[in-house]
Structures are given as C-alpha cells and as structure tokens.
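Shown here: model-v3.txt, compact mmCIF, C-alpha atoms.
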# COMPACT_ATOMS: atom_id res chain seq x y z
CA MET A 1 45.07 -33.00 15.26
CA ASN A 2 45.76 -29.37 14.48
CA ALA A 3 42.92 -26.99 15.12
CA LEU A 4 44.35 -24.70 12.50
CA SER A 5 46.62 -25.18 9.52
CA LEU A 6 47.01 -22.13 7.29
CA GLN A 7 49.43 -21.88 4.38
CA GLY A 8 50.42 -18.72 2.56
CA LEU A 9 47.30 -16.70 3.21
CA VAL A 10 47.24 -13.46 1.26
CA HIS A 11 44.48 -10.95 1.67
CA ARG A 12 44.23 -7.77 -0.30
CA TYR A 13 41.83 -4.98 0.56
CA GLN A 14 41.49 -2.61 -2.37
CA ARG A 15 45.14 -1.89 -3.27
CA SER A 16 46.84 -2.71 0.00
CA TYR A 17 47.86 -6.13 1.24
CA VAL A 18 46.56 -6.89 4.75
CA LEU A 19 48.05 -10.40 4.90
CA ARG A 20 51.20 -11.32 2.97
CA GLY A 21 51.61 -15.07 2.93
CA THR A 22 50.54 -15.84 6.50
CA SER A 23 51.10 -19.46 7.59
CA LEU A 24 50.13 -20.82 10.97
CA GLU A 25 49.88 -24.25 12.58
CA LEU A 26 47.96 -24.41 15.86
CA PRO A 27 47.46 -27.63 17.81
CA SER A 28 44.09 -28.30 19.42
CA ASN A 29 43.22 -27.16 22.93
CA GLU A 30 45.75 -24.32 23.01
CA ILE A 31 45.17 -20.66 23.86
CA LEU A 32 46.98 -18.63 21.24
CA ALA A 33 47.60 -14.94 21.91
CA LEU A 34 47.81 -13.03 18.64
CA TYR A 35 49.63 -9.72 19.03
CA GLY A 36 50.23 -6.93 16.57
CA SER A 37 49.77 -3.22 16.20
CA ASN A 38 46.57 -1.64 14.88
CA GLY A 39 46.07 -2.48 11.21
CA ALA A 40 48.50 -5.41 11.35
CA GLY A 41 45.83 -7.79 10.02
CA LYS A 42 44.72 -9.53 13.22
CA THR A 43 40.99 -9.05 12.70
CA THR A 44 41.28 -9.97 9.00
CA LEU A 45 43.02 -13.22 9.95
CA LEU A 46 40.32 -14.04 12.51
CA LYS A 47 37.60 -13.31 9.95
CA ILE A 48 39.23 -15.62 7.41
CA ILE A 49 39.43 -18.39 10.03
CA ALA A 50 35.76 -17.80 10.93
CA SER A 51 34.90 -18.02 7.19
CA SER A 52 33.55 -14.50 7.21
CA LEU A 53 36.17 -13.44 4.65
CA VAL A 54 37.63 -15.34 1.71
CA PRO A 55 41.40 -14.93 1.35
CA THR A 56 42.71 -13.53 -1.93
CA ARG A 57 45.21 -16.41 -2.11
CA GLY A 58 46.40 -19.28 0.05
CA LYS A 59 44.84 -22.37 1.53
CA GLY A 60 44.17 -23.84 4.90
CA GLU A 61 42.18 -26.09 7.14
CA VAL A 62 40.15 -25.15 10.19
CA LEU A 63 39.39 -28.09 12.54
CA GLY A 64 40.19 -30.42 9.66
CA PHE A 65 37.85 -28.70 7.21
CA ASP A 66 39.08 -26.88 4.13
CA LEU A 67 38.54 -23.09 4.29
CA ALA A 68 36.01 -23.48 1.46
CA ASN A 69 33.83 -25.76 3.61
CA ARG A 70 32.17 -22.80 5.28
CA LEU A 71 29.09 -24.50 6.67
CA GLU A 72 31.10 -27.09 8.63
CA ILE A 73 33.48 -24.41 9.91
CA ARG A 74 30.58 -22.18 10.99
CA LYS A 75 29.09 -25.04 13.01
CA ARG A 76 32.23 -25.24 15.13
CA VAL A 77 33.78 -21.76 15.20
CA LEU A 78 32.58 -18.67 17.05
CA ILE A 79 34.09 -15.24 16.54
CA VAL A 80 33.57 -12.48 19.10
CA SER A 81 34.72 -9.31 17.37
CA HIS A 82 34.19 -5.58 17.95
CA SER A 83 30.73 -5.75 16.36
CA LEU A 84 29.00 -8.30 18.52
CA GLY A 85 26.05 -8.88 16.19
CA PHE A 86 23.22 -8.55 18.68
CA TYR A 87 19.79 -7.13 17.84
CA PRO A 88 19.37 -3.96 19.92
CA ASP A 89 15.57 -4.22 20.08
CA LEU A 90 15.66 -7.72 21.55
CA THR A 91 16.55 -8.58 25.13
CA GLY A 92 19.75 -10.43 25.96
CA LYS A 93 17.74 -13.60 26.52
CA GLU A 94 15.94 -13.26 23.18
CA ASN A 95 19.23 -12.71 21.37
CA LEU A 96 20.66 -15.89 22.93
CA GLU A 97 17.48 -17.84 22.11
CA PHE A 98 17.85 -16.79 18.48
CA ALA A 99 21.53 -17.80 18.40
CA LEU A 100 20.68 -21.22 19.85
CA LYS A 101 17.87 -21.77 17.32
CA MET A 102 20.18 -20.85 14.44
CA HIS A 103 22.68 -23.44 15.68
CA GLY A 104 19.93 -26.01 16.21
CA LYS A 105 20.95 -26.31 19.86
CA THR A 106 19.29 -25.99 23.23
CA GLY A 107 20.86 -24.67 26.42
CA ASN A 108 20.26 -23.12 29.80
CA ILE A 109 20.11 -19.43 28.92
CA ALA A 110 19.31 -18.27 32.44
CA ALA A 111 22.37 -20.09 33.82
CA ALA A 112 24.63 -18.64 31.11
CA LEU A 113 23.37 -15.11 31.80
CA GLU A 114 23.84 -15.61 35.51
CA GLN A 115 27.39 -16.86 34.95
CA VAL A 116 28.32 -13.61 33.20
CA GLY A 117 26.41 -11.47 35.70
CA LEU A 118 23.68 -10.32 33.33
CA ALA A 119 20.43 -10.90 35.16
CA THR A 120 18.38 -8.36 33.23
CA GLU A 121 15.31 -8.43 31.00
CA ASN A 122 16.26 -5.13 29.36
CA ARG A 123 16.75 -4.70 25.64
CA VAL A 124 20.32 -4.78 24.35
CA ARG A 125 19.93 -1.16 23.15
CA GLY A 126 20.24 -0.09 26.78
CA PHE A 127 23.35 -2.21 27.44
CA SER A 128 26.77 -0.65 27.95
CA SER A 129 29.64 -1.98 25.81
CA GLY A 130 30.81 -4.02 28.80
CA MET A 131 27.35 -5.59 29.20
CA ARG A 132 27.25 -6.43 25.48
CA LYS A 133 30.61 -8.13 25.84
CA ARG A 134 29.28 -10.14 28.77
CA LEU A 135 26.34 -11.17 26.59
CA ALA A 136 28.81 -12.34 23.93
CA LEU A 137 30.52 -14.43 26.61
CA ALA A 138 27.16 -15.96 27.54
CA LYS A 139 26.64 -16.84 23.87
CA MET A 140 30.06 -18.51 23.84
CA VAL A 141 29.24 -20.50 26.98
CA LEU A 142 25.91 -21.64 25.50
CA LEU A 143 27.09 -22.58 22.01
CA GLU A 144 30.21 -24.45 23.20
CA PRO A 145 32.21 -23.94 19.98
CA THR A 146 35.31 -26.01 19.26
CA LEU A 147 37.35 -23.02 18.11
CA ILE A 148 36.80 -19.60 19.71
CA LEU A 149 38.17 -16.40 18.18
CA LEU A 150 38.20 -13.46 20.56
CA ASP A 151 39.08 -10.07 19.12
CA GLU A 152 40.34 -7.91 21.99
CA PRO A 153 38.14 -9.51 24.65
CA PHE A 154 39.52 -7.35 27.47
CA ALA A 155 38.76 -4.01 25.79
CA ALA A 156 35.96 -1.89 27.31
CA LEU A 157 35.74 -4.01 30.46
CA ASP A 158 36.22 -3.11 34.10
CA PRO A 159 38.68 -5.18 36.21
CA GLU A 160 35.86 -7.47 37.36
CA GLY A 161 34.80 -8.00 33.74
CA LYS A 162 38.38 -8.75 32.71
CA ASN A 163 38.64 -11.40 35.44
CA LEU A 164 35.37 -12.89 34.23
CA VAL A 165 36.70 -13.11 30.66
CA GLU A 166 39.88 -14.78 31.93
CA ASN A 167 37.89 -17.34 33.93
CA ILE A 168 35.57 -18.15 31.06
CA ILE A 169 38.49 -18.52 28.63
CA LEU A 170 40.17 -20.98 31.01
CA GLU A 171 36.89 -22.82 31.47
CA GLN A 172 36.47 -23.15 27.71
CA LYS A 173 40.00 -24.54 27.38
CA LYS A 174 39.22 -27.03 30.14
CA ARG A 175 36.16 -28.08 28.14
CA GLY A 176 38.49 -28.87 25.22
CA ALA A 177 38.10 -25.76 23.08
CA THR A 178 40.93 -24.04 21.20
CA LEU A 179 41.08 -20.27 21.55
CA ILE A 180 42.75 -17.47 19.62
CA ILE A 181 42.85 -14.11 21.38
CA THR A 182 43.98 -10.81 19.94
CA SER A 183 44.96 -8.34 22.58
CA HIS A 184 46.86 -5.18 23.35
CA GLU A 185 47.33 -6.29 26.96
CA PRO A 186 50.21 -8.86 26.86
CA GLU A 187 50.66 -8.81 30.66
CA ARG A 188 47.15 -10.08 31.19
CA THR A 189 46.87 -12.26 28.06
CA ASN A 190 50.24 -14.00 28.58
CA LYS A 191 48.98 -15.26 31.95
CA ILE A 192 46.38 -17.45 30.24
CA ALA A 193 47.91 -18.01 26.78
CA THR A 194 49.80 -21.23 26.06
CA LEU A 195 51.30 -19.88 22.81
CA THR A 196 51.85 -16.43 21.34
CA VAL A 197 52.51 -15.08 17.85
CA ASN A 198 53.16 -11.64 16.45
CA LEU A 199 51.52 -10.35 13.31
CA GLU A 200 53.12 -7.27 11.79
CA HIS A 201 52.50 -5.83 8.31
CA GLY A 202 50.66 -8.99 7.32
CA GLU A 203 53.51 -11.33 8.28
CA ILE A 204 53.27 -13.72 11.21
CA SER A 205 55.98 -15.09 13.53
CA LYS A 206 56.32 -18.72 14.69
CA PRO A 207 54.25 -19.58 17.80
CA ILE A 208 56.26 -19.52 21.02
CA VAL A 209 55.47 -20.21 24.66
CA PRO A 210 54.76 -16.86 26.34
CA GLU A 211 56.97 -15.34 29.00
CA VAL A 212 54.98 -14.65 32.12
CA ALA A 213 56.18 -11.72 34.24
CA MET B 1 18.25 -28.90 11.48
CA ASN B 2 14.73 -28.51 10.13
CA PRO B 3 14.85 -25.76 7.45
CA TRP B 4 11.36 -24.59 8.40
CA HIS B 5 12.55 -23.93 12.01
CA ILE B 6 15.33 -21.67 10.69
CA ILE B 7 13.00 -19.76 8.34
CA TRP B 8 10.42 -19.35 11.10
CA ALA B 9 13.01 -18.27 13.70
CA ILE B 10 14.29 -15.49 11.40
CA ALA B 11 10.77 -14.29 10.53
CA VAL B 12 9.64 -14.31 14.17
CA LYS B 13 12.78 -12.41 15.15
CA ASP B 14 12.00 -9.76 12.50
CA TRP B 15 8.37 -9.46 13.63
CA ARG B 16 9.49 -9.16 17.25
CA VAL B 17 11.98 -6.41 16.35
CA GLU B 18 9.31 -4.62 14.30
CA GLY B 19 6.79 -5.05 17.13
CA ARG B 20 9.20 -3.15 19.40
CA ALA B 21 10.52 -0.51 16.97
CA ARG B 22 7.36 -0.19 14.78
CA ASP B 23 9.32 1.95 12.31
CA VAL B 24 8.34 -0.01 9.18
CA LEU B 25 4.64 -0.36 9.98
CA ALA B 26 4.13 3.23 11.12
CA ALA B 27 5.97 4.87 8.21
CA THR B 28 4.61 2.54 5.52
CA LEU B 29 0.99 2.62 6.64
CA PHE B 30 1.01 6.38 7.01
CA PHE B 31 2.51 6.77 3.54
CA ALA B 32 0.07 4.33 1.88
CA VAL B 33 -2.97 5.96 3.51
CA LEU B 34 -1.68 9.37 2.43
CA VAL B 35 -1.28 8.26 -1.22
CA VAL B 36 -4.80 6.79 -1.34
CA THR B 37 -6.37 9.86 0.31
CA ILE B 38 -4.56 12.50 -1.76
CA LEU B 39 -5.34 10.73 -5.04
CA ALA B 40 -9.00 10.43 -4.01
CA PHE B 41 -9.13 14.21 -3.69
CA ALA B 42 -7.31 14.59 -7.02
CA PHE B 43 -9.87 12.44 -8.87
CA GLY B 44 -12.77 14.43 -7.47
CA PRO B 45 -16.18 13.34 -6.18
CA GLU B 46 -17.41 11.53 -9.33
CA SER B 47 -17.98 7.96 -8.09
CA ALA B 48 -17.62 6.22 -11.50
CA LYS B 49 -14.25 7.90 -12.03
CA LEU B 50 -13.12 6.92 -8.53
CA ARG B 51 -14.12 3.28 -9.01
CA GLU B 52 -12.24 3.16 -12.30
CA ALA B 53 -9.09 4.54 -10.69
CA ALA B 54 -9.23 2.36 -7.55
CA PRO B 55 -7.19 -0.67 -8.75
CA GLY B 56 -4.35 1.52 -10.05
CA ILE B 57 -4.29 3.61 -6.87
CA LEU B 58 -4.31 0.52 -4.66
CA TRP B 59 -1.24 -0.86 -6.44
CA VAL B 60 0.53 2.51 -6.43
CA ALA B 61 0.07 2.58 -2.64
CA ILE B 62 1.21 -1.03 -2.23
CA ALA B 63 4.18 -0.55 -4.57
CA PHE B 64 5.48 2.49 -2.72
CA ALA B 65 4.78 0.89 0.66
CA SER B 66 6.77 -2.11 -0.53
CA ILE B 67 9.76 0.07 -1.42
CA LEU B 68 9.62 1.74 1.99
CA ALA B 69 9.36 -1.61 3.77
CA ALA B 70 12.20 -3.01 1.65
CA SER B 71 14.52 -0.19 2.64
CA ARG B 72 13.95 -1.23 6.26
CA ALA B 73 13.90 -5.01 5.65
CA PHE B 74 17.51 -5.43 6.70
CA ALA B 75 17.51 -2.48 9.12
CA ALA B 76 17.75 -4.79 12.14
CA GLU B 77 20.85 -6.34 10.60
CA SER B 78 22.53 -3.01 9.83
CA GLU B 79 23.32 -2.30 13.50
CA ASP B 80 26.21 -3.71 15.50
CA GLY B 81 27.38 -6.15 12.80
CA ALA B 82 24.18 -8.23 13.03
CA LEU B 83 24.24 -9.05 9.30
CA GLU B 84 27.73 -10.54 9.56
CA ALA B 85 26.62 -12.53 12.61
CA LEU B 86 23.48 -13.72 10.79
CA LEU B 87 25.52 -14.86 7.79
CA LEU B 88 27.97 -16.68 10.07
CA TYR B 89 25.29 -18.96 11.51
CA PRO B 90 25.73 -22.50 10.21
CA VAL B 91 22.67 -22.44 7.99
CA PRO B 92 22.40 -22.28 4.19
CA HIS B 93 22.05 -18.66 3.12
CA GLU B 94 19.05 -19.61 1.01
CA LEU B 95 17.16 -20.23 4.27
CA ILE B 96 18.22 -16.81 5.59
CA TYR B 97 16.66 -15.24 2.48
CA LEU B 98 13.46 -17.24 2.90
CA GLY B 99 13.28 -16.22 6.57
CA LYS B 100 13.79 -12.54 5.74
CA LEU B 101 11.22 -12.88 2.94
CA LEU B 102 8.65 -14.39 5.29
CA GLY B 103 9.31 -11.58 7.80
CA ASN B 104 8.87 -8.91 5.12
CA LEU B 105 5.84 -10.65 3.59
CA GLY B 106 4.12 -10.79 7.00
CA LEU B 107 4.50 -7.03 7.41
CA MET B 108 3.45 -6.31 3.82
CA LEU B 109 0.34 -8.46 4.18
CA LEU B 110 -0.54 -6.63 7.37
CA ILE B 111 -0.21 -3.33 5.49
CA ALA B 112 -2.31 -4.74 2.60
CA VAL B 113 -5.00 -5.90 5.04
CA VAL B 114 -5.35 -2.29 6.23
CA ILE B 115 -4.83 -0.41 2.97
CA THR B 116 -7.02 -2.59 0.69
CA PRO B 117 -10.34 -2.17 2.57
CA PHE B 118 -9.46 1.49 3.16
CA THR B 119 -9.05 2.02 -0.61
CA LEU B 120 -12.23 0.11 -1.42
CA ILE B 121 -14.22 2.23 1.06
CA ILE B 122 -12.73 5.59 0.03
CA TYR B 123 -13.22 4.85 -3.69
CA GLY B 124 -16.67 3.31 -3.22
CA VAL B 125 -15.78 -0.07 -4.74
CA ASP B 126 -18.07 -3.01 -4.05
CA ILE B 127 -16.50 -6.44 -4.47
CA SER B 128 -19.23 -8.54 -2.82
CA GLY B 129 -19.28 -12.04 -4.21
CA ARG B 130 -15.75 -11.57 -5.60
CA GLU B 131 -13.84 -11.34 -2.31
CA LEU B 132 -11.91 -14.55 -2.89
CA PRO B 133 -10.38 -13.77 -6.32
CA PHE B 134 -9.78 -10.18 -5.19
CA GLY B 135 -8.00 -11.36 -2.03
CA LEU B 136 -5.99 -13.84 -4.10
CA ALA B 137 -4.90 -11.09 -6.51
CA VAL B 138 -3.77 -8.89 -3.61
CA LEU B 139 -2.00 -11.84 -1.92
CA LEU B 140 -0.13 -12.83 -5.09
CA GLY B 141 0.75 -9.24 -5.96
CA VAL B 142 2.07 -8.42 -2.48
CA THR B 143 4.04 -11.70 -2.46
CA GLY B 144 5.63 -10.78 -5.80
CA PHE B 145 6.65 -7.35 -4.50
CA SER B 146 8.00 -8.91 -1.32
CA ILE B 147 10.08 -11.57 -3.12
CA VAL B 148 11.84 -8.98 -5.29
CA SER B 149 12.17 -6.21 -2.70
CA SER B 150 13.60 -8.50 0.03
CA PHE B 151 16.28 -9.67 -2.38
CA GLN B 152 17.13 -6.20 -3.65
CA SER B 153 17.24 -4.90 -0.09
CA ALA B 154 19.91 -7.47 0.78
CA LEU B 155 21.81 -6.59 -2.39
CA THR B 156 22.05 -2.93 -1.44
CA ILE B 157 22.49 -3.24 2.33
CA ASN B 158 26.03 -1.91 2.38
CA LEU B 159 25.54 0.86 -0.16
CA ARG B 160 25.45 4.43 1.02
CA SER B 161 22.81 5.48 -1.53
CA ARG B 162 20.59 2.45 -0.99
CA GLU B 163 17.44 4.46 -0.32
CA SER B 164 17.61 6.07 -3.77
CA LEU B 165 18.93 2.95 -5.51
CA LEU B 166 16.24 0.57 -4.26
CA PRO B 167 13.33 1.91 -6.37
CA VAL B 168 15.60 2.01 -9.44
CA LEU B 169 16.51 -1.64 -8.89
CA ILE B 170 13.11 -2.94 -7.81
CA PHE B 171 10.67 -1.34 -10.27
CA PRO B 172 12.11 -2.64 -13.57
CA VAL B 173 12.16 -6.20 -12.19
CA VAL B 174 8.72 -6.00 -10.65
CA VAL B 175 6.96 -4.56 -13.76
CA PRO B 176 5.39 -7.93 -14.74
CA VAL B 177 3.98 -8.26 -11.20
CA ILE B 178 2.54 -4.72 -11.33
CA ILE B 179 0.92 -5.29 -14.74
CA ALA B 180 -0.56 -8.67 -13.80
CA SER B 181 -1.80 -7.40 -10.40
CA VAL B 182 -3.44 -4.28 -11.86
CA LYS B 183 -5.03 -6.23 -14.74
CA ALA B 184 -6.39 -8.91 -12.40
CA THR B 185 -7.86 -6.41 -9.93
CA VAL B 186 -9.34 -4.26 -12.74
CA GLY B 187 -10.96 -7.40 -14.15
CA ILE B 188 -12.39 -8.37 -10.76
CA ILE B 189 -13.68 -4.88 -9.90
CA THR B 190 -15.13 -3.91 -13.31
CA LYS B 191 -16.31 -7.46 -14.26
CA ASP B 192 -15.00 -6.61 -17.73
CA PRO B 193 -15.40 -9.84 -19.79
CA SER B 194 -12.48 -8.85 -22.04
CA ILE B 195 -10.09 -9.28 -19.09
CA ASP B 196 -9.34 -12.92 -18.35
CA VAL B 197 -8.77 -12.69 -14.58
CA GLN B 198 -7.80 -16.33 -14.20
CA SER B 199 -5.02 -16.02 -16.79
CA TRP B 200 -3.62 -12.92 -15.11
CA LEU B 201 -3.67 -14.67 -11.72
CA GLN B 202 -1.91 -17.70 -13.21
CA LEU B 203 0.67 -15.42 -14.80
CA LEU B 204 1.19 -13.70 -11.44
CA LEU B 205 1.67 -17.06 -9.74
CA GLY B 206 4.14 -18.06 -12.46
CA PHE B 207 6.16 -14.85 -12.06
CA ASN B 208 6.22 -15.32 -8.29
CA LEU B 209 7.52 -18.88 -8.58
CA VAL B 210 10.25 -17.87 -11.05
CA TYR B 211 11.30 -14.87 -8.93
CA LEU B 212 11.26 -16.98 -5.76
CA VAL B 213 13.57 -19.62 -7.24
CA VAL B 214 15.93 -17.08 -8.84
CA CYS B 215 16.16 -14.83 -5.75
CA THR B 216 16.63 -17.77 -3.36
CA LEU B 217 19.44 -19.24 -5.46
CA ALA B 218 21.10 -15.86 -6.10
CA PHE B 219 20.92 -14.62 -2.48
CA PRO B 220 24.07 -16.44 -1.21
CA TYR B 221 26.13 -14.89 -4.02
CA ALA B 222 24.64 -11.46 -3.37
CA VAL B 223 25.54 -11.39 0.33
CA GLU B 224 28.85 -13.27 0.43
Could the structure of this file be written out as structure tokens, please?
Amino acid sequence: MNALSLQGLVHRYQRSYVLRGTSLELPSNEILALYGSNGAGKTTLLKIIASSLVPTRGKGEVLGFDLANRLEIRKRVLIVSHSLGFYPDLTGKENLEFALKMHGKTGNIAAALEQVGLATENRVRGFSSGMRKRLALAKMVLLEPTLILLDEPFAALDPEGKNLVENIILEQKKRGATLIITSHEPERTNKIATLTVNLEHGEISKPIVPEVA
Amino acid sequence: MNPWHIIWAIAVKDWRVEGRARDVLAATLFFAVLVVTILAFAFGPESAKLREAAPGILWVAIAFASILAASRAFAAESEDGALEALLLYPVPHELIYLGKLLGNLGLMLLIAVVITPFTLIIYGVDISGRELPFGLAVLLGVTGFSIVSSFQSALTINLRSRESLLPVLIFPVVVPVIIASVKATVGIITKDPSIDVQSWLQLLLGFNLVYLVVCTLAFPYAVE
C-alpha cells in the first residue's frame, strides 16, 4: 500500500501559488528526501500531508485516508517542523506526558528522554534549539507514528545531534514507519534516504533512488 | 479515548502553565481589586449608596477581569507553534474548546472567589442567609463570561490587534449575561420583591447553555 498518494495539489497563499499541481506517490516504509530551495513549497506540502493546511485544489490519500479525513490522518502522522509546539513553561517530561494523553497512549517517557540525551527536569523555556529538537525526537519515539514528516531535522544541531537524528530515523524505518525529510544537507540526507524528489516553484519531480557519494 | 480525559488534560495543562507563569492571575486580580477600591472611593463613605452600587461594581470588576483573562487564554498556545500542535492532536476540536474553557473558568472562578468577598466587605454588603443564591448568581455569571471570552479569544488569536478587538467582540455578545447577572445579584442583595431572582437565574442558565452549544460547535470552524 502507498503511504502517500497525492494528485494535482494546488495551494495558493494570498496571490501567489506555493504548489502548482503537485502529484506524488510514496510506497510505505520508505525514507523520502524532499529537496528544494527556500520558498519552494516544502513546508506547505508537509503541512498539507499532516492535515494542518487544506489545499486550494487537488486530492490525495495519506495512509489510505482521504485528505479530508483529518482525524484519522492526525492519529497516524506526526510533523516535526520549525515550530516544535512545546509549552515553554512546562518541563520536557510534562510536555511529553501531555502529548501522550492527547493521543490516548502511554509510554516510557524517561526511556525516550534518555534515548535522546535529555535527562533534565528543567522547563522548555531554558532549552536551546538543539535540546528542543531532541525533545521533538523523544515525542516521535514515544508516539510511534506511521508517517513521520521532518522539516529540516538536521538544522540547529551539533554533529552528535545530527548522528542521533540519523539513528532515530533509521530506527523508525526499521519499526515500519514511512518518513519524509526536507533538508538542505543532501550529503547527509542521501545516506539514509531511500528515495529523493525535488520541489521547485511548486512543481515536484518523480522520486528517484539517491546517489550516495 | 474518553472525552473527559482530553478536556481535563487540557485544563490541567493550562492551570500548570498559569501556576508557573502567574501572569493571568496576578494581572487580573490586581486590576479587579483596583476597580473595586477606586469606585468605593468615588462613591464616598455613605453606606447605603455603597450597598446600592455593590452589585454593579462587582460585575464591572468581573467583566474587565474576564476580558484580561481572555486575552491571555491562548497565550500558552501563541509561543513556538503550540496552537498548531494542539490542533493537530487527533481529538475533536470541540473537546479542545471545552478543555480551554474549563481552564479559563477555573482561573475566573478563583478570581471571583477573591474579588466577591472583597467587594462585599469594602461595600458593607451583608448576604447572610442568601449565600447560596448569591454564589449561584456569581457562578453562572462567571461561567457565561468564560464561555464567550474563551471562544472569542480563540477567534482572535492570530490577529495583531487582538487586545483592542477582544472587548469589542465580547461585550455585545455577553450583554444578556451582564444584565441577568446584575439583576439577580441586585435582587439578592436588596431583597427587592419586584425583582424575580429565580427567573433571572434561570435566564442566565439558559443563556449559558445556548452559548455553550453555539461556541462548542462553532469553535472548529473558527480555528481551522
């Protein structure tokens, strides 16, 4: 089954078109690297897949559910974008507890935090951007989504953090998840991606197997 | 998933955030106490005059406190894309509204618990023997304010001029709640037989139920 099947997605923001008839078929359990320059429409595409945005035109299915079936999509898809959506006045643990409750799930929060190297009881307000990203990874590990959308996961991370992201992505694939990663670091991303596409001026290329240097 | 667990989790999260930041409680309580105190000075030392003015002043303080609290109701969600994350959880958005409402109502009731006795003491109002209907009037009035202001706060969350827009949006809608609350409390305090307290309380309950249904059903459309 395809994890993703999008046909002719058009998205207009005010007067400009961000996506111009984007179509994409993605089989399950792949790691798709989505490349494109700034403003190409990568984040918009991810937000449409995550059901955070409604496309102006076009149709599609995410994990077999029509794009309009938002509740079912939201149960299975997790997006980690630039805004990570944590509450600054809560601790990392409390933020994860809240996320689990909202998904009606339980999980070992301490183990997830340990896995990402975040053994702290401090509030998120005091976290660096790298620490917040690690917390987002812990959320991903805990929620075990079927489709994971990572918007520039390597940005704002030190080399150790980047290796951690790589390992967790590979672990999630091993678990059976499908991942879409936007990145400006093709050398690193191509090492873990099984397919790549380019999105430029709202138009997307066909998925190809990446060339690894 | 049990809907009550979702509603409770959102409310508890809001109370926890407020317990740490304390920006709503501190600002709102200070403002409400200031309104009650300044108006007490304005009405002078005549005790009959003060007693007569007390219900109106109490609701002025609660109304303005409610606006202040409403402007901060979604403050926790305005940072770091938390609203988008909250809306992306796989729960019906109606439950998110009810959770936010419960969170806001908890804070407003806490403010009312402080400001109501303070007003009664400052204005020399004795409600002995009528505590229950008086408490009910305050509870229903505060709930009405909270239902409307939580909804309007969500509606304006992404607007730059939300602080100035909120009162303009809230007050016209909440007028029936203000009238019914003031009338009920005046009736309870003055024991005026021409004021049918029970009818006003029933009307207040009716308004609250209508507003609750309308706001809950409209919330998903307002935030999507």
- Query: Between B:Trp8, B:Phe41, B:Tyr221, B:Phe134, which one has atoms that come closest to Glu94 in chain B, using all atoms listed in the file?
  - Reply: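 Distance minimum relative to Glu94 in chain B lands on B:Tyr221.
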- Task: May I have the residues of chain A within 6 Å of chain B, counting all atoms listed in the file, written as a ChimeraX atom specification?
- Result: /A:71,74-75,83,85-86,89,104
- Leaving out Leu90 in chain A and any residue of its chain fewer than 5 positions from it, which residues lie within 7 Å of it when counting only C-alpha atoms, given as a list in words? Asn95, Arg123 and Val124 of chain A; Val17 of chain B
Please check which residues have atoms at most 10 Å from (23.6, -19.1, 25.4) in the file's coordinates, counting all atoms listed in the file, and write them as a short mmCIF file (atom, residue, chain, number, x, y, z; two decimals) with C-alpha atoms, keeping the file's coordinate frame.
data_model
loop_
_atom_site.label_atom_id
_atom_site.label_comp_id
_atom_site.auth_asym_id
_atom_site.auth_seq_id
_atom_site.Cartn_x
_atom_site.Cartn_y
_atom_site.Cartn_z
CA GLY A 92 19.75 -10.43 25.96
CA LYS A 93 17.74 -13.60 26.52
CA GLU A 94 15.94 -13.26 23.18
CA ASN A 95 19.23 -12.71 21.37
CA LEU A 96 20.66 -15.89 22.93
CA GLU A 97 17.48 -17.84 22.11
CA PHE A 98 17.85 -16.79 18.48
CA ALA A 99 21.53 -17.80 18.40
CA LEU A 100 20.68 -21.22 19.85
CA LYS A 105 20.95 -26.31 19.86
CA THR A 106 19.29 -25.99 23.23
CA GLY A 107 20.86 -24.67 26.42
CA ASN A 108 20.26 -23.12 29.80
CA ILE A 109 20.11 -19.43 28.92
CA ALA A 110 19.31 -18.27 32.44
CA ALA A 111 22.37 -20.09 33.82
CA ALA A 112 24.63 -18.64 31.11
CA LEU A 113 23.37 -15.11 31.80
CA LEU A 135 26.34 -11.17 26.59
CA ALA A 136 28.81 -12.34 23.93
CA LEU A 137 30.52 -14.43 26.61
CA ALA A 138 27.16 -15.96 27.54
CA LYS A 139 26.64 -16.84 23.87
CA MET A 140 30.06 -18.51 23.84
CA VAL A 141 29.24 -20.50 26.98
CA LEU A 142 25.91 -21.64 25.50
CA LEU A 143 27.09 -22.58 22.01
CA GLU A 144 30.21 -24.45 23.20
#
- Judged by only C-alpha atoms, the minimum distance to Phe154 in chain A among A:Arg57, A:Lys42, A:His184, A:Lys47 is found for A:His184
- Message: Taking (39.3, -16.5, 31.9) as a centre in this file's frame and 12 Å as the limit, can you find every polymer residue with an atom that close, using all atoms listed in the file, and give them as a count of residues only?
- Response: 30
- What is the distance, in Å and to one decimal place, between CA of Leu155 in chain B and CA of Val33 in chain B?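 Atom-to-atom, CA of Leu155 in chain B and CA of Val33 in chain B are spaced 28.4 Å apart.
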- Residue nearest Lys59 in chain A - candidates A:Ser5, A:Gly117, A:Gly202, A:Gly130, atoms counted: only C-alpha atoms: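 Of A:Ser5, A:Gly117, A:Gly202, A:Gly130, the one nearest Lys59 in chain A is A:Ser5, counting only C-alpha atoms.
Proximity ranking of B:Cys215, B:Val197, B:Val168, B:Leu58 relative to Ile121 in chain B places B:Leu58 first, based on all atoms listed in the file.
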- Query: Hey, which of B:Pro220, B:Phe207, B:Leu136, B:Gln152 ends up closest to Phe171 in chain B? Count only C-alpha atoms.
  - Reply: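 Ranking B:Pro220, B:Phe207, B:Leu136, B:Gln152 by distance to Phe171 in chain B, first place goes to B:Gln152.
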- Please, what distance in Å, to one decimal, runs between CA of Thr143 in chain B and CA of Lys49 in chain B?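 CA of Lys49 in chain B lies 28.5 Å from CA of Thr143 in chain B.
With CA of Gly8 in chain A on one side and CA of Thr56 in chain A on the other, the separation reads 10.3 Å.
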- Query: Nearest to Lys133 in chain A among A:Glu152, A:Glu114, A:Glu72, A:Glu187, with distances taken over all atoms listed in the file: which residue is it?
  - Reply: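 Checking each candidate against Lys133 in chain A, we get A:Glu152 as the closest.
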- Message: Taking 3 positions as the minimum chain separation for residues in the same chain, which residues sit within 10 Å of Tyr17 in chain A when counting all atoms listed in the file? Answer as an MDAnalysis selection string.
- Response: chainID A and resid 10:14 20:21 41 56 201:202
